[in-house]
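Let me begin by presenting the structure, written as structure tokens, before commenting on it.
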Amino acid sequence: MSNSNIQIFDTTLRDGEQVPGCKLNTEQKVVIAKQLENLGVDVIEAGFPVSSPGDFKSVEEISKIIKNATVCGLTRSVRNDIKVASEALKYAKRPRIHTGIGTSDSHIQFKFKSNREDILQRAYDAVKYAKTFVEDVEFYAEDAGRTDNDYLARVCEVAIKAGATVLNIPDTTGYCLPSEYGAKMKYLMENVKGIEKAILSCHCHNDLGLATANSIEGVINGARQIECTINGIGERAGNTALEEVVMILKQHPYLNLDTNINTQYLYGISQLVSDSMAIYTQPNKAIVGANAFAHSSGIHQDGVIKNRETYEIIDPKAVGVTESAIVLTARSGRAALAYRAKNIGYELTKLQLDDIYANFLNFADQKKEIDDADIHHIIETSKVYKEIISA
Ligand code: KIV
Ligand code: ZN
């Protein structure tokens with residue numbers, strides 16, 4: 001792995017599946033895991049094995065079929081969780097145990113009714129125990145976003161001492177500003193003893209709509225892994241969207257950060273996850289939403305017809321979308337109508353277009369969107385139709 005390579009850790013099947021009502025069965029998870037491997041993710045977090053027999057089985061079945069990616073199972077800092085995860089991962093070619101504990105004062109005081117020194121000991125013991133089963137152990141400091149940096153650095157140091165190879169710094173509650181989250185990563189890079197033995201990982205939640213921005217600031221400041229989900233699904237407002245961070249790094253090559261993702265599969269896997277979980281993707285969702293490459297206002301349509309790059313920063317084919325869409329509404333201009341008419345076989349002169357455009361506007365005022373059947377109808381009922389077909 002080069003220093004500019006950002007590892008993509010997909011947690012659609014674990015954090016993503018925590019969306020209420022979106023439970024997947026093992027067969028569905030196996031199908032998605034295979035597609036995640038085709039997509040080129042580096043790590044697949046397949047589940048939380050101790051949480052239910054179904055999750056255990058899913059992690060076990062995914063471990064059997066995944067050839068290249070690391071397969072990861074989540075645990076708390078509890079010995080039985082760790083032992084059960086190691087059993088679920090026993091067929092994995094590259095197994096990883098992801099263990100951790102809450103480190104913010106709020107978690108220490110209210111969840112664990114404990115103190116900072118005890119949490120350090122529990123973190124150390126959990127990683128040490130996980131290392132008796134697998135070489136690759138990731139440690140998460142839950143609620144790191146609200147953990148003060150000095151203490152967080154001490155937590156990271158004990159996890160590294162116990163053998164952790166990845167340190168996950170979750171903004172569990174989606175609280176941080178991008179500048180704060182970036183500064184946290186920078187602080188850890190500069191102050192954690194032994195940091196060269198591990199990589200830092202961004203795990204951001206979207207409660208304030210900042211998950212993607214925070215993850216990008218995290219890698220700009222030294223983190224080398226991003227934890228994310230397809231379509232950004234996950235608890236509450238969701239997790240960092242995989243397709244967003246991947247395309248941001250691709251579209252900004254001067255950052256000199258890249259991923260192993262085959263971006264042409266992004267749209268397909270977005271649809272697969274949305275269908276399998278019966279969870280609708282908002283039309284204006286970046287990269288994979290139905291309107292991400294659709295143009296409906298006259299000014300934009302005219303530009304895109306002349307040159308796609310006037311209003312698009314991504315070639316839709318790069319993410320698996322066949323082409324940009326010129327959507328006809330009452331806001332559309334003549335250029336868009338002529339373009340769509342040409343696509344279905346009508347080559348219109350300027351005068352014919354003027355006539356048909358007037359009919360089009362009347363029609364479009366009554367209907368939200370004009371489809372190909374409507375265009376045929378508008379042209380066939382126009383005064384110039386005879387002229388058009390005899391040309
Ligand atoms: O958001 C979070 O803190 C998590 C951890 C369990 C990794 O999902
Ligand atoms: Zn999370």
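Here's how to read the names in the structure tokens: chain A, B, ... by the order shown, residue numbers from 1 in each chain, ligand numbers from 1 in the order shown.
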Can you pull out the residues contacting Asn191 of chain A? Cut-off 9 Å, using only C-alpha atoms, and skip same-chain residues under 4 positions away; I want them as number ranges by chain. A: 150, 153, 186-187, 195
Store the residues picked out above in a file with N, CA and C atoms, as an mmCIF file, in the first residue's frame.
data_model
loop_
_atom_site.group_PDB
_atom_site.id
_atom_site.type_symbol
_atom_site.label_atom_id
_atom_site.label_comp_id
_atom_site.auth_asym_id
_atom_site.auth_seq_id
_atom_site.Cartn_x
_atom_site.Cartn_y
_atom_site.Cartn_z
ATOM 1 N N ASP A 150 -5.912 14.787 24.317
ATOM 2 C CA ASP A 150 -4.832 14.232 25.163
ATOM 3 C C ASP A 150 -5.162 12.812 25.583
ATOM 4 N N ALA A 153 -5.180 10.344 22.702
ATOM 5 C CA ALA A 153 -3.814 9.941 22.319
ATOM 6 C C ALA A 153 -3.323 8.825 23.245
ATOM 7 N N LYS A 186 -4.600 15.250 12.971
ATOM 8 C CA LYS A 186 -3.256 15.828 12.945
ATOM 9 C C LYS A 186 -2.613 15.684 14.327
ATOM 10 N N TYR A 187 -3.400 15.975 15.353
ATOM 11 C CA TYR A 187 -2.888 15.868 16.723
ATOM 12 C C TYR A 187 -2.420 14.431 17.003
ATOM 13 N N ILE A 195 2.832 5.737 16.535
ATOM 14 C CA ILE A 195 1.789 5.864 15.503
ATOM 15 C C ILE A 195 2.245 5.269 14.163
#
Could you list, as a PyMOL selection string, all the residues within 12 Å of ligand 2, counting only C-alpha atoms and all ligand atoms? chain A and resi 9-19+45+74+100+102+140-145+168-174+202-207+211+226-229+232-240
Residues near Ile6 of chain A, cut-off 6 Å, only C-alpha atoms, skip fewer than 3 positions along chain, as a list in words: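 My list of contacting residues is Arg224, Gln225, Asp258 and Thr259 of chain A.
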What is the distance, in Å and to one decimal place, between atom CA of Thr310 of chain A and atom CA of Ser332 of chain A?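 Going from atom CA of Thr310 of chain A over to atom CA of Ser332 of chain A covers 16.6 Å.
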Between A:Ala223, A:Gly209, A:Gly320, A:Asn291, which has the minimum distance to Ile269 of chain A (counting only C-alpha atoms)?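 For Ile269 of chain A, the nearest of the given residues is A:Gly320.
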